[in-house]
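This is run-v4.cif (mmCIF, C-alpha atoms).
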```
data_target
loop_
_atom_site.label_atom_id
_atom_site.label_comp_id
_atom_site.auth_asym_id
_atom_site.auth_seq_id
_atom_site.Cartn_x
_atom_site.Cartn_y
_atom_site.Cartn_z
CA MET A 158 -0.68 -9.14 -27.29
CA ASN A 159 1.25 -11.70 -25.23
CA THR A 160 4.33 -10.83 -27.32
CA LEU A 161 4.48 -7.48 -25.52
CA ARG A 162 7.00 -7.84 -22.71
CA VAL A 163 9.78 -5.79 -21.21
CA THR A 164 11.96 -7.22 -23.99
CA SER A 165 9.96 -4.98 -26.33
CA LEU A 166 11.95 -2.09 -24.87
CA PRO A 167 15.46 -1.38 -26.17
CA GLU A 168 18.15 -1.86 -23.54
CA GLU A 169 18.79 1.87 -23.35
CA ARG A 170 15.15 2.44 -22.39
CA VAL A 171 15.42 -0.14 -19.61
CA VAL A 172 18.57 1.57 -18.36
CA ASN A 173 16.73 4.88 -18.49
CA LEU A 174 13.93 3.46 -16.35
CA LEU A 175 16.45 2.13 -13.82
CA GLY A 176 17.97 5.60 -13.66
CA LEU A 177 14.52 7.05 -13.04
CA TYR A 178 14.04 4.51 -10.25
CA GLU A 179 17.20 5.70 -8.52
CA HIS A 180 16.10 9.32 -8.93
CA LEU A 181 12.67 8.65 -7.40
CA HIS A 182 14.22 6.62 -4.59
CA GLN A 183 16.61 9.45 -3.78
CA ASN A 184 13.82 12.04 -3.84
CA PRO A 185 10.83 10.61 -1.96
CA GLU A 186 7.83 12.72 -0.97
CA LEU A 187 5.25 12.13 1.73
CA ALA A 188 1.49 11.75 1.30
CA PHE A 189 -0.16 14.62 -0.61
CA GLN A 190 3.27 16.23 -1.05
CA GLU A 191 4.24 14.33 -4.20
CA PHE A 192 4.65 17.49 -6.27
CA GLU A 193 8.06 16.80 -7.85
CA THR A 194 7.18 13.15 -8.32
CA ALA A 195 3.92 13.99 -10.09
CA LYS A 196 5.68 16.52 -12.34
CA THR A 197 8.25 13.94 -13.40
CA LEU A 198 5.62 11.29 -14.09
CA SER A 199 3.24 13.58 -15.96
CA GLU A 200 6.02 14.81 -18.24
CA ARG A 201 6.92 11.22 -19.11
CA LEU A 202 3.31 10.28 -19.78
CA THR A 203 2.79 13.31 -22.01
CA GLY A 204 5.92 12.39 -23.94
CA LEU A 205 4.48 8.92 -24.54
CA GLY A 206 1.37 10.40 -26.15
CA LEU A 207 -1.14 10.04 -23.33
CA THR A 208 -3.75 12.63 -22.47
CA VAL A 209 -2.74 13.64 -18.96
CA ARG A 210 -4.75 15.24 -16.16
CA THR A 211 -2.80 16.34 -13.08
CA GLY A 212 -3.86 17.55 -9.63
CA VAL A 213 -6.62 14.96 -9.26
CA GLY A 214 -7.27 14.47 -5.57
CA GLY A 215 -4.41 16.82 -4.75
CA THR A 216 -1.33 15.45 -6.47
CA GLY A 217 -2.83 12.49 -8.35
CA ILE A 218 -2.48 11.84 -12.08
CA VAL A 219 -4.97 10.32 -14.50
CA ALA A 220 -3.80 9.58 -18.04
CA LEU A 221 -5.60 8.06 -21.00
CA LEU A 222 -4.31 6.29 -24.08
CA ALA A 223 -7.24 5.64 -26.42
CA ASN A 224 -6.45 3.01 -29.01
CA GLY A 225 -9.61 2.18 -30.92
CA GLY A 226 -12.77 0.56 -29.67
CA GLY A 227 -12.49 -2.01 -26.93
CA PRO A 228 -12.33 -2.53 -23.19
CA THR A 229 -11.11 0.08 -20.74
CA VAL A 230 -8.40 -1.22 -18.43
CA VAL A 231 -7.24 0.86 -15.45
CA LEU A 232 -3.71 0.35 -14.14
CA ARG A 233 -2.93 1.95 -10.79
CA ALA A 234 0.33 2.76 -8.98
CA ASP A 235 0.91 4.75 -5.79
CA MET A 236 3.46 7.53 -5.29
CA ASP A 237 3.99 8.47 -1.64
CA ALA A 238 6.86 7.61 0.69
CA LEU A 239 7.14 7.11 4.45
CA PRO A 240 8.65 9.11 7.33
CA ILE A 241 11.50 6.63 7.89
CA GLN A 242 15.25 7.25 8.08
CA GLU A 243 16.75 5.06 5.37
CA ASP A 244 19.41 2.54 6.42
CA THR A 245 20.07 0.54 3.27
CA GLY A 246 23.59 1.70 2.46
CA LEU A 247 22.57 2.16 -1.18
CA ALA A 248 24.52 4.63 -3.27
CA TYR A 249 21.18 6.20 -4.17
CA ALA A 250 19.72 6.17 -0.67
CA SER A 251 17.42 9.00 0.29
CA ALA A 252 18.85 11.82 2.35
CA ARG A 253 15.60 13.77 2.50
CA THR A 254 14.05 14.72 5.80
CA THR A 255 10.90 16.36 7.06
CA PRO A 256 11.09 19.90 8.50
CA GLY A 257 11.27 18.22 11.90
CA GLY A 258 14.29 16.18 10.89
CA THR A 259 12.64 12.79 10.36
CA GLY A 260 13.96 10.86 7.40
CA ILE A 261 11.83 10.22 4.32
CA MET A 262 12.14 6.96 2.42
CA HIS A 263 10.45 4.84 -0.22
CA ALA A 264 10.28 1.99 2.26
CA CYS A 265 7.21 0.36 0.71
CA GLY A 266 8.29 0.08 -2.90
CA HIS A 267 6.12 2.78 -4.41
CA ASP A 268 9.13 3.86 -6.46
CA VAL A 269 9.12 0.36 -7.99
CA HIS A 270 5.39 0.64 -8.68
CA MET A 271 5.78 3.95 -10.51
CA VAL A 272 8.69 2.89 -12.69
CA ALA A 273 7.13 -0.47 -13.59
CA MET A 274 3.97 1.38 -14.61
CA LEU A 275 5.89 3.79 -16.82
CA GLY A 276 7.74 0.88 -18.41
CA ALA A 277 4.48 -0.90 -19.22
CA VAL A 278 2.97 2.30 -20.62
CA GLU A 279 6.04 2.84 -22.80
CA VAL A 280 5.69 -0.66 -24.27
CA LEU A 281 1.97 -0.21 -24.91
CA SER A 282 2.33 3.27 -26.40
CA THR A 283 5.01 2.16 -28.86
CA ASN A 284 3.20 -1.04 -29.86
CA ARG A 285 -0.34 0.19 -30.45
CA PRO A 286 -1.08 -2.15 -33.41
CA ASP A 287 -0.84 -5.08 -30.98
CA TRP A 288 -3.86 -4.17 -28.87
CA THR A 289 -7.08 -2.20 -28.86
CA GLY A 290 -9.10 -0.43 -26.20
CA ASN A 291 -8.49 2.27 -23.61
CA LEU A 292 -5.55 2.29 -21.25
CA VAL A 293 -6.18 4.40 -18.15
CA VAL A 294 -3.19 5.08 -15.93
CA VAL A 295 -3.73 6.22 -12.34
CA PHE A 296 -0.86 7.47 -10.21
CA GLN A 297 -2.33 7.79 -6.74
CA PRO A 298 -1.12 9.95 -3.86
CA ALA A 299 -1.32 9.27 -0.14
CA GLU A 300 -1.78 5.51 -0.10
CA GLU A 301 0.20 5.26 3.13
CA ILE A 302 -2.42 7.22 5.05
CA GLY A 303 -5.39 5.59 3.33
CA ALA A 304 -6.65 8.86 1.88
CA GLY A 305 -5.42 9.07 -1.70
CA ALA A 306 -7.88 6.77 -3.43
CA ARG A 307 -10.85 8.49 -1.81
CA ALA A 308 -9.43 11.92 -2.66
CA MET A 309 -9.11 11.06 -6.34
CA ILE A 310 -12.59 9.56 -6.49
CA GLU A 311 -14.15 12.54 -4.72
CA ASP A 312 -12.34 14.80 -7.19
CA GLY A 313 -14.15 13.13 -10.10
CA LEU A 314 -11.69 10.47 -11.21
CA PHE A 315 -14.32 8.29 -12.86
CA ASP A 316 -15.84 11.27 -14.66
CA LEU A 317 -12.54 11.82 -16.45
CA VAL A 318 -12.21 8.41 -18.09
CA PRO A 319 -14.36 5.85 -19.94
CA THR A 320 -16.20 3.38 -17.71
CA PRO A 321 -13.63 0.74 -16.70
CA ASN A 322 -14.01 -2.97 -17.36
CA VAL A 323 -11.41 -3.84 -14.71
CA ILE A 324 -8.97 -2.11 -12.36
CA LEU A 325 -5.56 -3.71 -11.87
CA GLY A 326 -2.67 -3.00 -9.52
CA GLN A 327 0.39 -4.59 -8.00
CA HIS A 328 2.59 -4.29 -4.93
CA VAL A 329 6.21 -5.19 -4.30
CA GLY A 330 7.03 -7.45 -1.35
CA ASN A 331 9.95 -9.33 0.20
CA ARG A 332 9.53 -12.50 -1.82
CA PRO A 333 11.85 -13.94 -4.49
CA ALA A 334 12.39 -11.73 -7.51
CA ARG A 335 10.78 -12.79 -10.78
CA THR A 336 7.80 -14.25 -8.92
CA VAL A 337 4.20 -13.12 -8.68
CA SER A 338 1.92 -14.01 -5.76
CA ASN A 339 -1.83 -13.67 -5.68
CA THR A 340 -4.87 -14.17 -3.44
CA ALA A 341 -8.44 -14.62 -4.61
CA GLY A 342 -11.12 -13.04 -2.40
CA PRO A 343 -10.11 -11.18 0.77
CA ALA A 344 -6.41 -10.47 0.27
CA MET A 345 -5.40 -7.57 2.51
CA ALA A 346 -6.89 -6.55 5.83
CA ALA A 347 -9.23 -3.79 6.79
CA ALA A 348 -7.49 -1.43 9.21
CA ASP A 349 -8.94 0.99 11.75
CA SER A 350 -6.77 3.48 13.61
CA LEU A 351 -8.10 5.01 16.82
CA ARG A 352 -6.89 7.74 19.16
CA VAL A 353 -8.02 7.25 22.75
CA THR A 354 -7.72 10.06 25.27
CA ILE A 355 -8.09 9.12 28.94
CA ASN A 356 -9.10 12.01 31.16
CA GLY A 357 -7.90 11.53 34.71
CA ARG A 358 -6.94 14.00 37.43
CA GLY A 359 -3.43 15.26 37.93
CA ALA A 360 -1.62 15.53 41.23
CA HIS A 361 1.80 15.67 42.84
CA GLY A 362 3.66 12.38 42.57
CA SER A 363 3.78 12.19 46.37
CA ARG A 364 -0.02 12.35 46.67
CA PRO A 365 -1.45 9.61 44.43
CA GLU A 366 -4.60 9.58 46.54
CA ALA A 367 -5.46 13.02 45.15
CA SER A 368 -5.21 11.80 41.56
CA ILE A 369 -7.02 9.66 39.07
CA ASP A 370 -3.92 8.34 37.33
CA PRO A 371 -4.45 8.20 33.53
CA ILE A 372 -1.18 6.33 33.02
CA LEU A 373 -2.36 3.50 35.23
CA ILE A 374 -5.74 3.45 33.49
CA ALA A 375 -4.14 3.49 30.04
CA SER A 376 -1.77 0.69 31.04
CA SER A 377 -4.71 -1.44 32.13
CA ILE A 378 -6.43 -0.72 28.83
CA VAL A 379 -3.32 -1.72 26.85
CA THR A 380 -3.09 -5.02 28.70
CA LYS A 381 -6.80 -5.76 28.49
CA LEU A 382 -6.95 -5.02 24.75
CA GLN A 383 -4.70 -8.00 24.12
CA SER A 384 -7.41 -10.30 25.42
CA ILE A 385 -9.75 -9.38 22.54
CA VAL A 386 -8.08 -11.56 19.91
CA ALA A 387 -7.20 -14.27 22.44
CA ARG A 388 -10.65 -14.58 23.99
CA GLU A 389 -13.27 -12.82 21.85
CA ILE A 390 -12.30 -13.73 18.26
CA SER A 391 -12.56 -17.24 16.90
CA PRO A 392 -9.18 -18.89 16.20
CA ALA A 393 -10.52 -19.46 12.68
CA ASP A 394 -10.72 -15.69 12.07
CA ALA A 395 -7.76 -13.39 11.50
CA ALA A 396 -7.50 -10.28 13.68
CA VAL A 397 -4.78 -8.04 15.09
CA VAL A 398 -4.91 -5.45 17.88
CA THR A 399 -1.83 -3.24 18.21
CA VAL A 400 -1.18 -0.31 20.53
CA GLY A 401 1.55 1.56 18.72
CA SER A 402 1.64 4.84 20.61
CA PHE A 403 1.40 5.73 24.33
CA HIS A 404 1.99 9.30 25.50
CA SER A 405 1.44 10.91 28.87
CA GLY A 406 3.11 13.18 31.36
CA SER A 407 6.18 15.36 31.35
CA LYS A 408 8.01 14.75 34.66
CA GLU A 409 8.58 11.80 36.95
CA ASN A 410 7.05 13.40 40.05
CA ILE A 411 3.88 14.71 38.43
CA ILE A 412 0.86 12.52 37.87
CA PRO A 413 -0.61 13.91 34.63
CA SER A 414 -4.25 14.63 33.95
CA THR A 415 -4.46 12.88 30.56
CA ALA A 416 -2.98 10.00 28.63
CA GLU A 417 -3.24 9.20 24.94
CA ILE A 418 -2.92 5.85 23.22
CA LYS A 419 -3.25 5.02 19.55
CA ILE A 420 -4.68 1.66 18.54
CA ASN A 421 -4.60 -0.17 15.22
CA LEU A 422 -7.11 -2.92 14.44
CA ARG A 423 -6.94 -5.32 11.49
CA SER A 424 -9.46 -7.83 10.22
CA LEU A 425 -10.53 -9.70 7.10
CA ASN A 426 -14.30 -9.75 7.43
CA PRO A 427 -16.89 -7.15 8.45
CA ALA A 428 -18.27 -9.11 11.42
CA VAL A 429 -14.82 -9.40 13.02
CA ARG A 430 -14.18 -5.73 12.33
CA ARG A 431 -17.39 -4.72 14.12
CA ARG A 432 -16.54 -6.97 17.06
CA LEU A 433 -13.07 -5.47 17.39
CA LEU A 434 -14.36 -1.90 17.39
CA ALA A 435 -17.10 -2.69 19.90
CA ALA A 436 -14.68 -4.49 22.20
CA VAL A 437 -12.21 -1.60 22.21
CA LYS A 438 -14.96 0.86 23.12
CA ARG A 439 -16.30 -1.41 25.85
CA ILE A 440 -12.88 -1.96 27.43
CA VAL A 441 -11.86 1.71 27.33
CA VAL A 442 -15.14 2.91 28.84
CA ALA A 443 -15.16 0.18 31.48
CA GLU A 444 -11.59 0.78 32.63
CA CYS A 445 -12.20 4.51 32.94
CA SER A 446 -15.43 3.89 34.83
CA ALA A 447 -13.72 1.46 37.18
CA ALA A 448 -11.09 4.08 37.94
CA GLY A 449 -13.75 6.68 38.69
CA THR A 450 -12.88 9.25 36.07
CA ASP A 451 -15.01 12.38 36.12
CA THR A 452 -14.85 12.87 32.32
CA ALA A 453 -15.56 10.16 29.78
CA PRO A 454 -12.74 9.00 27.53
CA VAL A 455 -12.64 10.22 23.95
CA ILE A 456 -12.32 7.63 21.17
CA GLU A 457 -11.63 9.07 17.74
CA SER A 458 -11.12 7.44 14.36
CA ILE A 459 -7.92 8.77 12.81
CA GLY A 460 -7.77 6.54 9.74
CA GLU A 461 -9.21 3.50 8.08
CA PHE A 462 -8.57 1.15 5.18
CA PRO A 463 -11.25 -1.17 3.82
CA CYS A 464 -10.49 -4.85 3.30
CA LEU A 465 -8.98 -5.38 -0.13
CA VAL A 466 -11.04 -8.09 -1.81
CA ASN A 467 -9.87 -9.45 -5.15
CA ASP A 468 -12.75 -10.32 -7.45
CA ILE A 469 -12.69 -14.10 -7.91
CA VAL A 470 -13.48 -14.13 -11.64
CA SER A 471 -11.06 -11.34 -12.57
CA THR A 472 -8.37 -12.95 -10.42
CA LYS A 473 -8.71 -16.24 -12.29
CA ARG A 474 -8.69 -14.54 -15.67
CA THR A 475 -5.66 -12.37 -14.92
CA VAL A 476 -3.67 -15.12 -13.21
CA ALA A 477 -4.13 -17.32 -16.28
CA ALA A 478 -2.40 -14.65 -18.36
CA LEU A 479 0.37 -14.25 -15.77
CA ARG A 480 0.97 -18.00 -15.72
CA ALA A 481 1.02 -18.19 -19.50
CA GLY A 482 3.63 -15.45 -19.69
CA LEU A 483 5.81 -16.06 -16.62
CA GLY A 484 5.40 -19.81 -16.16
CA ASP A 485 3.49 -21.81 -13.58
CA THR A 486 6.38 -21.96 -11.11
CA SER A 487 6.71 -18.17 -11.07
CA VAL A 488 3.05 -17.51 -10.18
CA THR A 489 1.93 -18.77 -6.79
CA GLU A 490 -1.04 -18.40 -4.49
CA MET A 491 -0.57 -16.83 -1.08
CA PRO A 492 -2.80 -16.53 1.99
CA ALA A 493 -4.42 -13.24 2.91
CA ILE A 494 -2.13 -10.88 4.80
CA MET A 495 -2.87 -8.35 7.52
CA ILE A 496 -1.20 -5.44 5.73
CA SER A 497 -3.66 -2.87 4.38
CA GLU A 498 -4.08 -1.00 1.07
CA ASP A 499 -6.68 1.44 -0.26
CA PHE A 500 -6.57 0.06 -3.83
CA GLY A 501 -9.88 -1.78 -3.38
CA ILE A 502 -11.80 1.48 -3.02
CA PHE A 503 -11.45 2.12 -6.76
CA GLY A 504 -13.26 -1.05 -7.80
CA THR A 505 -15.87 -0.80 -5.08
CA THR A 506 -16.74 2.78 -6.03
CA ALA A 507 -16.85 2.11 -9.77
CA SER A 508 -18.72 -1.20 -9.25
CA VAL A 509 -16.24 -3.02 -11.47
CA PRO A 510 -13.95 -5.98 -10.72
CA SER A 511 -10.47 -5.32 -9.42
CA PHE A 512 -7.39 -7.42 -8.78
CA SER A 513 -4.06 -6.69 -7.12
CA TRP A 514 -1.04 -8.99 -6.88
CA PHE A 515 2.46 -9.02 -5.36
CA ILE A 516 5.80 -9.09 -7.18
CA GLY A 517 8.96 -10.36 -5.51
CA SER A 518 11.99 -8.16 -4.87
CA VAL A 519 14.63 -10.35 -3.17
CA GLU A 520 17.56 -12.09 -4.83
CA PRO A 521 16.21 -15.67 -5.10
CA ARG A 522 19.23 -17.46 -3.62
CA ARG A 523 19.26 -15.12 -0.67
CA PHE A 524 15.56 -15.71 -0.09
CA ALA A 525 15.95 -19.49 -0.42
CA ALA A 526 18.77 -19.53 2.14
CA ALA A 527 16.80 -17.41 4.60
CA PHE A 528 13.69 -19.54 4.09
CA ALA A 529 15.66 -22.74 4.71
CA ASP A 530 16.90 -21.29 8.01
CA ASP A 531 13.42 -20.02 8.96
CA ALA A 532 15.02 -16.58 9.00
CA VAL A 533 13.10 -14.57 6.39
CA ASP A 534 11.62 -12.20 8.96
CA ARG A 535 14.97 -11.79 10.73
CA SER A 536 17.33 -11.44 7.81
CA ILE A 537 15.39 -9.90 4.92
CA PRO A 538 14.08 -6.38 5.54
CA ALA A 539 10.43 -6.10 4.59
CA ASN A 540 8.15 -3.22 3.60
CA HIS A 541 8.16 -0.29 6.03
CA SER A 542 11.65 -1.23 7.20
CA ALA A 543 14.56 1.20 7.08
CA GLY A 544 16.54 -1.51 5.29
CA PHE A 545 13.97 -2.37 2.61
CA ALA A 546 15.89 -2.51 -0.68
CA PRO A 547 14.44 -4.34 -3.70
CA ILE A 548 16.95 -5.53 -6.30
CA PRO A 549 16.07 -3.01 -8.99
CA ARG A 550 16.37 -4.59 -12.42
CA ARG A 551 14.71 -7.96 -11.84
CA THR A 552 12.02 -6.44 -9.63
CA ILE A 553 11.11 -3.67 -12.05
CA THR A 554 11.23 -5.80 -15.18
CA THR A 555 8.99 -8.36 -13.49
CA GLY A 556 6.60 -5.56 -12.58
CA ILE A 557 6.53 -4.36 -16.19
CA ASP A 558 5.89 -7.84 -17.54
CA ALA A 559 3.20 -8.53 -14.95
CA LEU A 560 1.35 -5.35 -15.86
CA LEU A 561 1.59 -6.10 -19.58
CA LEU A 562 0.40 -9.67 -19.16
CA ALA A 563 -2.46 -8.60 -16.90
CA PHE A 564 -3.42 -5.89 -19.38
CA SER A 565 -3.37 -8.47 -22.17
CA ALA A 566 -5.97 -10.54 -20.34
CA TRP A 567 -8.46 -7.69 -20.64
CA SER A 568 -7.57 -5.53 -23.64
CA GLY A 569 -8.98 -5.99 -27.11
CA PRO A 570 -7.22 -8.01 -29.83
CA ALA A 571 -4.60 -6.61 -32.15
CA ALA A 572 -5.92 -4.23 -34.78
CA LYS A 573 -6.78 -5.91 -38.07
CA THR A 574 -4.76 -5.01 -41.13
CA SER A 575 -6.02 -5.19 -44.69
#
```
Go ahead and render the structure in this file as structure tokens.
Amino acid sequence: MNTLRVTSLPEERVVNLLGLYEHLHQNPELAFQEFETAKTLSERLTGLGLTVRTGVGGTGIVALLANGGGPTVVLRADMDALPIQEDTGLAYASARTTPGGTGIMHACGHDVHMVAMLGAVEVLSTNRPDWTGNLVVVFQPAEEIGAGARAMIEDGLFDLVPTPNVILGQHVGNRPARTVSNTAGPAMAAADSLRVTINGRGAHGSRPEASIDPILIASSIVTKLQSIVAREISPADAAVVTVGSFHSGSKENIIPSTAEIKINLRSLNPAVRRRLLAAVKRIVVAECSAAGTDTAPVIESIGEFPCLVNDIVSTKRTVAALRAGLGDTSVTEMPAIMISEDFGIFGTTASVPSFSWFIGSVEPRRFAAAFADDAVDRSIPANHSAGFAPIPRRTITTGIDALLLAFSAWSGPAAKTS
């Protein structure tokens, strides 16, 4: 099985995949709106001989390639894009916009994920004598809003396929191309998004004494929230508190009656997560009480991602296959990061091990020069940036090989011939 690599594909098929990548990059779709994307992917999967089920969890796809008795391996890729105006200068840059005029862009590499998955499936489907078992392919919608995995599960995903032995996935990042990075155990942060509405009392700007100023209260809350990580979380624990949105008022001489802030919390263990949530509630309530508001603030959850925890045993087993195929120097360990993903929900729900890794996307010499100057964050656009632009061929072919090698660690042996 280890002989199955991207080199198993004729050059014209690789070129075809690169063309598909440019098409998907030019035509991104937001969460739960991946209709054209899903149509394109499902047609390709059907053409490769898979049994395809569409519309799972909205726009999700589940496909099965049964190849004799053996383990069931799930490979997952996500499909949605982000509301970002692209600024890469690429010839195939997205020009799509939302009805409100906001740009739409594959700024997180989901186009890479989809094409690498199709490449791996094409190799496996055309080389069936070299492995046995069940290949389950999941193309997931709405990862960016943390809702797609749950939607597919609630729509009966695991009733549609054999019981998995393992669930595998990968994510592109701004690291050197042709490298794979992995983390055993907690790998990506839990994230909680909150909307806080402060109810004050409006008044004329000339009569502040008649008001309970929600902007002032909200400003105090924003400042105080920054003390949580500094003074309530151990330096040994990772945590982030971000206020990313602050809206209030309409005119400079009117004190408004309400203010709204949106808060994002990130953590790597449940105890820290609980402490963050409790601290936010305590600070918001206390600041409003101190200001004498007549109506209590409203704190609403508007989104959450669980911590992505890579199963230790499956990580070790899969990484061994990656090292054997790509070489020790191309497979490295990395610390947990505070970015979030909903991939882990699949394994948790199915009660099976799961493992997700990162593939690099930056021209290696460029990365090395930026790293030497301590300028990676300044000079190399990362995920969710308007300038995020993986180098296509080396990134995608690495993604294909990584999926094939990971699959090989779990699939059955080649079929016996008489």
The PyMOL selection byres ((chain A and resi 443) around 12) applied to the shown file, residues as a VMD selection string
chain A and resid 355 374 to 375 377 to 378 381 to 382 436 to 442 444 to 450 453 to 454
Would you mind listing what lies within 12 Å of region 564-567 of chain A as a VMD selection string, with all atoms listed in the file counted and same-chain residues fewer than 5 positions away left out?
chain A and resid 158 to 162 227 to 233 274 277 to 278 280 to 281 287 to 294 321 to 326 471 to 482 510 to 512 557 to 559
Distance CA of Asn284 (chain A)-CA of Leu166 (chain A), one decimal place?
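CA of Asn284 (chain A) sits 10.1 Å away from CA of Leu166 (chain A).
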Nearest residue to Leu483 (chain A) out of A:Ile420, A:Leu562, A:Ala344, A:Val519, using all atoms listed in the file?
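Among the listed residues, A:Leu562 lies closest to Leu483 (chain A).
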Give the answer as one residue: which of A:Ala571, A:Val466, A:Ala299, A:Ile548 has the shortest atom-to-atom distance to Thr340 (chain A), using all atoms listed in the file?
A:Val466
Selection dump of the PyMOL selection byres ((chain A and resi 177-180) around 8), as a VMD selection string:
chain A and resid 173 to 176 181 to 184 249 268 to 269 272 549
Could you state which residues are captured by the PyMOL selection byres ((chain A and resi 488) around 6) in this file, as a VMD selection string?
chain A and resid 336 to 338 480 485 to 487 489
Interatomic distance (Å, one decimal) between CA of Asp312 (chain A) and CA of Asp499 (chain A):
16.1 Å
The residues within 12 Å of (-15.3, 2.5, -4.1), using only C-alpha atoms and the coordinates of the file, should be reported as a VMD selection string; which are they?
chain A and resid 306 to 311 314 to 315 324 462 to 466 499 to 511
So how far away is CA of Arg352 (chain A) from CA of Ser402 (chain A), in Å?
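Taking CA of Ser402 (chain A) as the start and CA of Arg352 (chain A) as the end point, the length is 9.1 Å.
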Just checking: using all atoms listed in the file, which residue out of A:Gly276, A:Pro547, A:Gly305, A:Gly460 ends up closest to Thr245 (chain A)?
A:Pro547
Might you pull out every residue within 8 Å of Thr194 (chain A), with all atoms listed in the file counted and same-chain residues fewer than 6 positions away left off, and present them as a ChimeraX atom specification?
/A:181,185-186,236
Hey, what's within 8 Å of Ala367 (chain A) if we count all atoms listed in the file and toss same-chain stuff fewer than 4 positions away? As a list in words, please?
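The residues that qualify are Arg358, Gly359 and Ala360 of chain A.
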For each of A:Ile411, A:Ala526, A:Ala387, A:Ala393, take the minimum atom-to-atom distance to Pro365 (chain A), counting all atoms listed in the file, then give the residue where this is smallest.
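Nearest candidate to Pro365 (chain A) out of A:Ile411, A:Ala526, A:Ala387, A:Ala393: A:Ile411.
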A:Phe403, A:Gly357, A:Ala396, A:Asp237 ranked by distance to Val379 (chain A), top pick (using all atoms listed in the file):
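Nearest candidate to Val379 (chain A) out of A:Phe403, A:Gly357, A:Ala396, A:Asp237: A:Phe403.
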Residue nearest Glu461 (chain A) - candidates A:Ser350, A:Thr197, A:Thr399, A:Ser414, atoms counted: all atoms listed in the file
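Nearest candidate to Glu461 (chain A) out of A:Ser350, A:Thr197, A:Thr399, A:Ser414: A:Ser350.
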Is there a way to get, as an MDAnalysis selection string, all residues within 6 Å of the point (12.3, -10.2, -0.3) in file coordinates, counting all atoms listed in the file?
chainID A and resid 331:333 518:519
Output the selection as an mmCIF file, in the coordinates of the input - C-alpha atoms for each residue.
```cif
data_model
loop_
_atom_site.group_PDB
_atom_site.id
_atom_site.type_symbol
_atom_site.label_atom_id
_atom_site.label_comp_id
_atom_site.auth_asym_id
_atom_site.auth_seq_id
_atom_site.Cartn_x
_atom_site.Cartn_y
_atom_site.Cartn_z
ATOM 1 C CA ASN A 331 9.950 -9.330 0.200
ATOM 2 C CA ARG A 332 9.530 -12.500 -1.820
ATOM 3 C CA PRO A 333 11.850 -13.940 -4.490
ATOM 4 C CA SER A 518 11.990 -8.160 -4.870
ATOM 5 C CA VAL A 519 14.630 -10.350 -3.170
#
```
Within 12 Å of Ile496 (chain A) using all atoms listed in the file, minus same-chain residues under 4 positions, as a PyMOL selection string
chain A and resi 265+301+328+330+343-349+395-397+421-425+462-465+492+539-541
